[in-house]
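Enquirer: To start, I am sharing the structure in question, which I have written as structure tokens.
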There are 2 protein chains.
Amino acid sequence: MGWEEETWQALRESGHRLTPQRLLILSALRNAGGHLTAAQILEQVKESYPYIDVSTVYRTLNVLKSMRLVSETDIGGGEYLYEWLDQERHHHLICRECDTLTLLDHSFLENLGAEILDDYGFQPDIDHFAISGVCQQCRDKLERSPRA
Amino acid sequence: MGWEEETWQALRESGHRLTPQRLLILSALRNAGGHLTAAQILEQVKESYPYIDVSTVYRTLNVLKSMRLVSETDIGGGEYLYEWLDQERHHHLICRECDTLTLLDHSFLENLGAEILDDYGFQPDIDHFAISGVCQQCRDKLERSPRA
DNA sequence: ATGATTATTGCAATTGGTTGCAGGTGCAAC
DNA sequence: GTTGCACCTGCAACCAATTGCAATAATCAT
């Protein structure tokens, strides 16, 4: 079964409908194979269907988010990235000095997820974390010239 | 040395100035001894100084955030909480079904921080996490009536 | 104290995202 | 194929937060 049918079924089973707009948004997310901002999705969909409204994009993203078909990641500064949640989980380290983005392997957080589940009975959605901090390079730099 | 002098010095050393507005915002954060929204801070400061502008509150929070004197926590839905970062670190588990907030001990994340530092040379700001998921109660509930 | 410098403020305008609503449309049942 | 209903869409109004700007005021050197 192709991803379209699968997604369509998942949507319908939770009482949602498959509309052309949603299909376009889904395609954009699928094709991207990576992170997109809401604005990028809007832009891309507009190429095929210029009448789409921003609100439709956001509403669709919320639906997909609540079904955990896409992840929403806060990369700071109120910027959000959306990503199709079908692939290898991974996470981000974002340097607060130089904004560099580093991938963080999911294994680091698997533990955490299991521990939280054991101790609190709370099943965490550890889909996509963005952790801010200072990267190696910037730490070196700050070390050398202490007074920022 | 009182916290005011200490904060004042920290601000000045990074080229910032201590203004009455900032003092009021700092006091609000200190007194609260917990989480506040920007709106709550604004309201509280307005009691002493009604002319304060929202933008001043946000700008000050950004300054304090960048100095890591306060933490900013995204509790989902674009809601942010601010908290004076002088106390015991702790984190939140937020149930996506019932919105209940559970405290998560910092020890769970200390490990993670150390591991990331070791393996990536990246020093993470693990000040205040908000992890969404499903709490025990809601998991039981969902278990009993599978089709949500 | 005084004045120069420059961060900060309040205002107004703007941006980015959300919401209420009336009309349109997917879906299932017939 | 037709019908009915609930969901979905686009629009416009709305709201929260950010930004540009001129005026103000905190700090420093004198």
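Following the order of the structure tokens, chains are lettered A, B, ..., residues in each are numbered from 1, and ligands are numbered from 1.
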Please return, as number ranges by chain, all residues of chain B lying within 10 Å of chain A when only C-alpha atoms are considered.
Expert: B: 13-15, 62, 66, 74, 76, 78, 93-96, 102-105, 108-109, 111-113, 115-117, 119-127, 129, 131-139, 147-148
Enquirer: Residues of the last selection are to be written out with N, CA and C atoms, as a CSV table (one decimal), in the first residue's frame.
Expert:
```csv
chain,number,residue,atom,x,y,z
B,13,GLU,N,28.1,44.3,33.1
B,13,GLU,CA,29.3,43.6,32.6
B,13,GLU,C,29.1,43.2,31.1
B,14,SER,N,27.8,42.9,30.8
B,14,SER,CA,27.6,42.6,29.4
B,14,SER,C,27.1,43.8,28.6
B,15,GLY,N,27.3,44.9,29.1
B,15,GLY,CA,27.0,46.2,28.3
B,15,GLY,C,25.6,46.6,28.4
B,62,ASN,N,14.1,38.9,26.5
B,62,ASN,CA,15.1,38.4,25.6
B,62,ASN,C,16.5,38.6,26.2
B,66,SER,N,19.1,35.6,27.1
B,66,SER,CA,20.4,35.5,26.5
B,66,SER,C,21.5,35.4,27.5
B,74,ASP,N,8.6,26.5,26.3
B,74,ASP,CA,7.4,26.3,25.4
B,74,ASP,C,6.6,25.2,26.0
B,76,GLY,N,3.8,24.4,24.7
B,76,GLY,CA,2.9,24.0,23.6
B,76,GLY,C,1.9,25.0,23.3
B,78,GLY,N,2.2,27.5,21.5
B,78,GLY,CA,2.8,28.8,21.5
B,78,GLY,C,2.8,29.6,22.8
B,93,LEU,N,6.5,17.5,32.3
B,93,LEU,CA,5.9,16.5,31.4
B,93,LEU,C,4.5,17.0,31.2
B,94,ILE,N,4.1,17.3,29.9
B,94,ILE,CA,2.8,17.8,29.7
B,94,ILE,C,2.0,16.8,28.9
B,95,CYS,N,0.8,16.4,29.5
B,95,CYS,CA,0.0,15.4,28.8
B,95,CYS,C,-0.8,16.0,27.7
B,96,ARG,N,-0.6,15.4,26.5
B,96,ARG,CA,-1.3,16.0,25.3
B,96,ARG,C,-2.8,15.7,25.3
B,102,THR,N,3.3,17.6,35.0
B,102,THR,CA,4.0,16.8,36.0
B,102,THR,C,5.4,17.3,36.1
B,103,LEU,N,6.0,17.4,37.3
B,103,LEU,CA,7.4,17.8,37.4
B,103,LEU,C,8.2,16.6,37.1
B,104,LEU,N,9.3,16.9,36.4
B,104,LEU,CA,10.3,15.9,36.0
B,104,LEU,C,11.6,16.3,36.7
B,105,ASP,N,12.2,15.4,37.5
B,105,ASP,CA,13.4,15.7,38.2
B,105,ASP,C,14.5,16.0,37.2
B,108,PHE,N,17.1,13.2,35.6
B,108,PHE,CA,16.9,12.5,34.3
B,108,PHE,C,17.6,13.1,33.1
B,109,LEU,N,17.8,14.4,33.2
B,109,LEU,CA,18.4,15.0,32.0
B,109,LEU,C,19.9,15.3,32.2
B,111,ASN,N,22.2,13.3,32.9
B,111,ASN,CA,22.9,12.3,32.1
B,111,ASN,C,23.0,12.7,30.7
B,112,LEU,N,21.9,13.0,30.1
B,112,LEU,CA,21.8,13.4,28.7
B,112,LEU,C,22.7,14.5,28.4
B,113,GLY,N,22.7,15.5,29.3
B,113,GLY,CA,23.6,16.6,29.1
B,113,GLY,C,25.1,16.2,29.0
B,115,GLU,N,26.3,13.2,28.4
B,115,GLU,CA,26.6,12.4,27.2
B,115,GLU,C,26.7,13.2,25.9
B,116,ILE,N,25.9,14.2,25.8
B,116,ILE,CA,26.0,15.1,24.6
B,116,ILE,C,27.3,15.8,24.6
B,117,LEU,N,27.7,16.3,25.8
B,117,LEU,CA,28.9,17.0,25.9
B,117,LEU,C,30.1,16.1,25.5
B,119,ASP,N,30.1,13.3,23.7
B,119,ASP,CA,30.2,12.8,22.3
B,119,ASP,C,30.2,13.9,21.2
B,120,TYR,N,29.7,15.0,21.5
B,120,TYR,CA,29.6,16.0,20.5
B,120,TYR,C,30.4,17.3,20.8
B,121,GLY,N,30.9,17.4,22.0
B,121,GLY,CA,31.5,18.6,22.4
B,121,GLY,C,30.6,19.8,22.5
B,122,PHE,N,29.3,19.5,22.5
B,122,PHE,CA,28.3,20.5,22.5
B,122,PHE,C,27.7,20.6,24.0
B,123,GLN,N,27.8,21.8,24.5
B,123,GLN,CA,27.3,22.1,25.8
B,123,GLN,C,25.9,22.5,25.8
B,124,PRO,N,25.0,21.6,26.1
B,124,PRO,CA,23.6,21.9,26.0
B,124,PRO,C,23.1,22.7,27.2
B,125,ASP,N,22.1,23.6,26.9
B,125,ASP,CA,21.4,24.4,27.9
B,125,ASP,C,20.3,23.6,28.4
B,126,ILE,N,20.5,22.7,29.4
B,126,ILE,CA,19.4,21.9,29.8
B,126,ILE,C,18.8,22.6,31.0
B,127,ASP,N,18.1,23.7,30.8
B,127,ASP,CA,17.6,24.5,31.9
B,127,ASP,C,16.2,24.1,32.2
B,129,PHE,N,13.1,21.9,30.3
B,129,PHE,CA,12.5,21.2,29.2
B,129,PHE,C,11.0,21.0,29.4
B,131,ILE,N,8.3,18.3,28.0
B,131,ILE,CA,8.2,17.2,27.1
B,131,ILE,C,6.7,16.8,27.0
B,132,SER,N,6.2,16.7,25.8
B,132,SER,CA,4.8,16.3,25.7
B,132,SER,C,4.7,14.8,25.6
B,133,GLY,N,3.5,14.3,25.8
B,133,GLY,CA,3.3,12.9,25.8
B,133,GLY,C,1.9,12.6,26.4
B,134,VAL,N,1.7,11.3,26.9
B,134,VAL,CA,0.5,10.9,27.4
B,134,VAL,C,0.7,10.4,28.8
B,135,CYS,N,0.0,10.9,29.8
B,135,CYS,CA,0.1,10.5,31.2
B,135,CYS,C,-0.5,9.2,31.5
B,136,GLN,N,-0.1,8.6,32.6
B,136,GLN,CA,-0.6,7.3,33.0
B,136,GLN,C,-2.1,7.2,32.9
B,137,GLN,N,-2.8,8.1,33.5
B,137,GLN,CA,-4.3,8.1,33.5
B,137,GLN,C,-4.9,8.1,32.2
B,138,CYS,N,-4.4,9.0,31.3
B,138,CYS,CA,-4.9,9.0,29.9
B,138,CYS,C,-4.6,7.8,29.2
B,139,ARG,N,-3.4,7.2,29.5
B,139,ARG,CA,-3.0,6.0,28.8
B,139,ARG,C,-4.0,4.9,29.2
B,147,ARG,N,-10.6,3.2,20.2
B,147,ARG,CA,-10.9,4.1,19.1
B,147,ARG,C,-11.1,5.5,19.6
B,148,ALA,N,-10.1,6.4,19.6
B,148,ALA,CA,-10.2,7.7,20.1
B,148,ALA,C,-11.1,8.5,19.3
```
Enquirer: Give me, as a Markdown table, the closest atom pair and its distance (Å, one decimal) for every residue of chain C within a cut-off of 12 Å of range 11-22 of chain D, counting only C-alpha atoms (C1' of nucleotides), rows sorted by chain and rising number.
Expert:
```
| residue | atom | partner | partner_atom | distance |
| --- | --- | --- | --- | --- |
| C:DT9 | C1' | D:DA22 | C1' | 10.5 |
| C:DG10 | C1' | D:DA22 | C1' | 10.2 |
| C:DC11 | C1' | D:DC21 | C1' | 9.2 |
| C:DA12 | C1' | D:DG20 | C1' | 9.4 |
| C:DA13 | C1' | D:DG20 | C1' | 8.7 |
| C:DT14 | C1' | D:DT19 | C1' | 7.5 |
| C:DT15 | C1' | D:DT18 | C1' | 7.3 |
| C:DG16 | C1' | D:DA17 | C1' | 8.8 |
| C:DG17 | C1' | D:DA16 | C1' | 8.9 |
| C:DT18 | C1' | D:DC15 | C1' | 7.8 |
| C:DT19 | C1' | D:DC14 | C1' | 7.6 |
| C:DG20 | C1' | D:DA13 | C1' | 8.7 |
| C:DC21 | C1' | D:DC11 | C1' | 9.3 |
| C:DA22 | C1' | D:DC11 | C1' | 9.8 |
| C:DG23 | C1' | D:DC11 | C1' | 10.8 |
```
Enquirer: Give the strand (DSSP E or B) residues of chain A, as DSSP finds them on the backbone, and put them as a PyMOL selection string.
Expert: chain A and resi 36+70-74+80-84+90-95+101-105+123-124+130-134
Enquirer: May I have the residues of chain A within 9 Å of chain D, counting only C-alpha atoms (C1' of nucleotides), written as a ChimeraX atom specification?
Expert: /A:15-17,19,21,51-53,55-56
Enquirer: DSSP on the backbone: what in range 18-118 of chain A comes out helix (DSSP H, G or I), as JSON, numbers by chain?
Expert: {"A": [20, 21, 22, 23, 24, 25, 26, 27, 28, 29, 30, 31, 32, 38, 39, 40, 41, 42, 43, 44, 45, 46, 47, 48, 54, 55, 56, 57, 58, 59, 60, 61, 62, 63, 64, 65, 66, 107, 108, 109, 110, 111, 112, 113, 114, 115, 116, 117, 118]}
Enquirer: Please write the residues from the selection above to a file, keeping C-alpha atoms, as a PDB file, in the first residue's frame.
Expert:
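Saved as again05.pdb:
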```pdb
ATOM      1  CA  PRO A  20      -6.964  18.309  -2.545  1.00  0.00           C
ATOM      2  CA  GLN A  21      -5.419  20.926  -0.271  1.00  0.00           C
ATOM      3  CA  ARG A  22      -4.380  18.301   2.210  1.00  0.00           C
ATOM      4  CA  LEU A  23      -2.968  16.137  -0.494  1.00  0.00           C
ATOM      5  CA  LEU A  24      -0.808  18.975  -1.719  1.00  0.00           C
ATOM      6  CA  ILE A  25       0.397  19.725   1.780  1.00  0.00           C
ATOM      7  CA  LEU A  26       1.147  16.068   2.373  1.00  0.00           C
ATOM      8  CA  SER A  27       3.063  15.849  -0.874  1.00  0.00           C
ATOM      9  CA  ALA A  28       5.111  18.879  -0.007  1.00  0.00           C
ATOM     10  CA  LEU A  29       6.071  17.311   3.310  1.00  0.00           C
ATOM     11  CA  ARG A  30       6.793  13.953   1.746  1.00  0.00           C
ATOM     12  CA  ASN A  31       8.819  15.276  -1.129  1.00  0.00           C
ATOM     13  CA  ALA A  32      10.874  17.598   0.990  1.00  0.00           C
ATOM     14  CA  ALA A  38       4.944  26.575   7.300  1.00  0.00           C
ATOM     15  CA  ALA A  39       5.791  29.401   4.918  1.00  0.00           C
ATOM     16  CA  GLN A  40       7.769  27.061   2.688  1.00  0.00           C
ATOM     17  CA  ILE A  41       4.892  24.625   2.580  1.00  0.00           C
ATOM     18  CA  LEU A  42       2.473  27.393   1.699  1.00  0.00           C
ATOM     19  CA  GLU A  43       4.716  28.621  -1.073  1.00  0.00           C
ATOM     20  CA  GLN A  44       5.180  25.192  -2.522  1.00  0.00           C
ATOM     21  CA  VAL A  45       1.480  24.376  -2.483  1.00  0.00           C
ATOM     22  CA  LYS A  46       0.678  27.730  -4.085  1.00  0.00           C
ATOM     23  CA  GLU A  47       2.611  26.687  -7.156  1.00  0.00           C
ATOM     24  CA  SER A  48      -0.045  24.098  -7.917  1.00  0.00           C
ATOM     25  CA  VAL A  54      -2.360  30.223   5.193  1.00  0.00           C
ATOM     26  CA  SER A  55      -4.957  29.139   7.690  1.00  0.00           C
ATOM     27  CA  THR A  56      -5.555  25.929   5.779  1.00  0.00           C
ATOM     28  CA  VAL A  57      -1.886  25.104   5.959  1.00  0.00           C
ATOM     29  CA  TYR A  58      -1.738  25.681   9.692  1.00  0.00           C
ATOM     30  CA  ARG A  59      -4.947  23.821  10.334  1.00  0.00           C
ATOM     31  CA  THR A  60      -3.760  20.871   8.296  1.00  0.00           C
ATOM     32  CA  LEU A  61      -0.436  20.847  10.079  1.00  0.00           C
ATOM     33  CA  ASN A  62      -2.279  20.739  13.379  1.00  0.00           C
ATOM     34  CA  VAL A  63      -4.323  17.787  12.261  1.00  0.00           C
ATOM     35  CA  LEU A  64      -1.249  15.932  11.079  1.00  0.00           C
ATOM     36  CA  LYS A  65       0.569  16.862  14.243  1.00  0.00           C
ATOM     37  CA  SER A  66      -2.197  15.542  16.454  1.00  0.00           C
ATOM     38  CA  SER A 107      19.673   6.694  20.820  1.00  0.00           C
ATOM     39  CA  PHE A 108      20.568   9.455  23.268  1.00  0.00           C
ATOM     40  CA  LEU A 109      16.930  10.076  23.977  1.00  0.00           C
ATOM     41  CA  GLU A 110      15.622   6.538  23.828  1.00  0.00           C
ATOM     42  CA  ASN A 111      16.966   5.957  27.303  1.00  0.00           C
ATOM     43  CA  LEU A 112      15.331   9.047  28.607  1.00  0.00           C
ATOM     44  CA  GLY A 113      12.020   8.005  27.131  1.00  0.00           C
ATOM     45  CA  ALA A 114      12.180   4.600  28.748  1.00  0.00           C
ATOM     46  CA  GLU A 115      13.191   6.008  32.125  1.00  0.00           C
ATOM     47  CA  ILE A 116      10.356   8.505  32.144  1.00  0.00           C
ATOM     48  CA  LEU A 117       7.901   5.808  31.222  1.00  0.00           C
ATOM     49  CA  ASP A 118       9.163   3.558  34.003  1.00  0.00           C
TER      50      ASP A 118
END
```
Enquirer: What separation in Å, quoted to one decimal, exists between CA of Glu4 in chain A and CA of Leu18 in chain A?
Expert: 10.0 Å
Enquirer: Quick one: of A:His90, A:His35, A:Arg12, A:Arg68, who's nearest to chain C, counting only C-alpha atoms (C1' of nucleotides)?
Expert: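 When distances to chain C are compared using only C-alpha atoms (C1' of nucleotides), the smallest one comes from A:Arg12.
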Enquirer: In Å to one decimal, how far is CA of Leu101 in chain B from CA of Ala130 in chain B?
Expert: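 Taking CA of Ala130 in chain B and CA of Leu101 in chain B, their separation equals 9.3 Å.
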Enquirer: Which value, in Å to one decimal, gives the distance between CA of Gly34 in chain A and CA of Trp84 in chain A?
Expert: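 Distance between the two atoms: 7.3 Å.
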Enquirer: Between B:Lys141, B:Pro50, B:Gly2, B:His91, which residue has the minimum interatomic distance to chain C, considering only C-alpha atoms (C1' of nucleotides)?
Expert: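 Looking at the shortest contact to chain C, the residue is B:Pro50.
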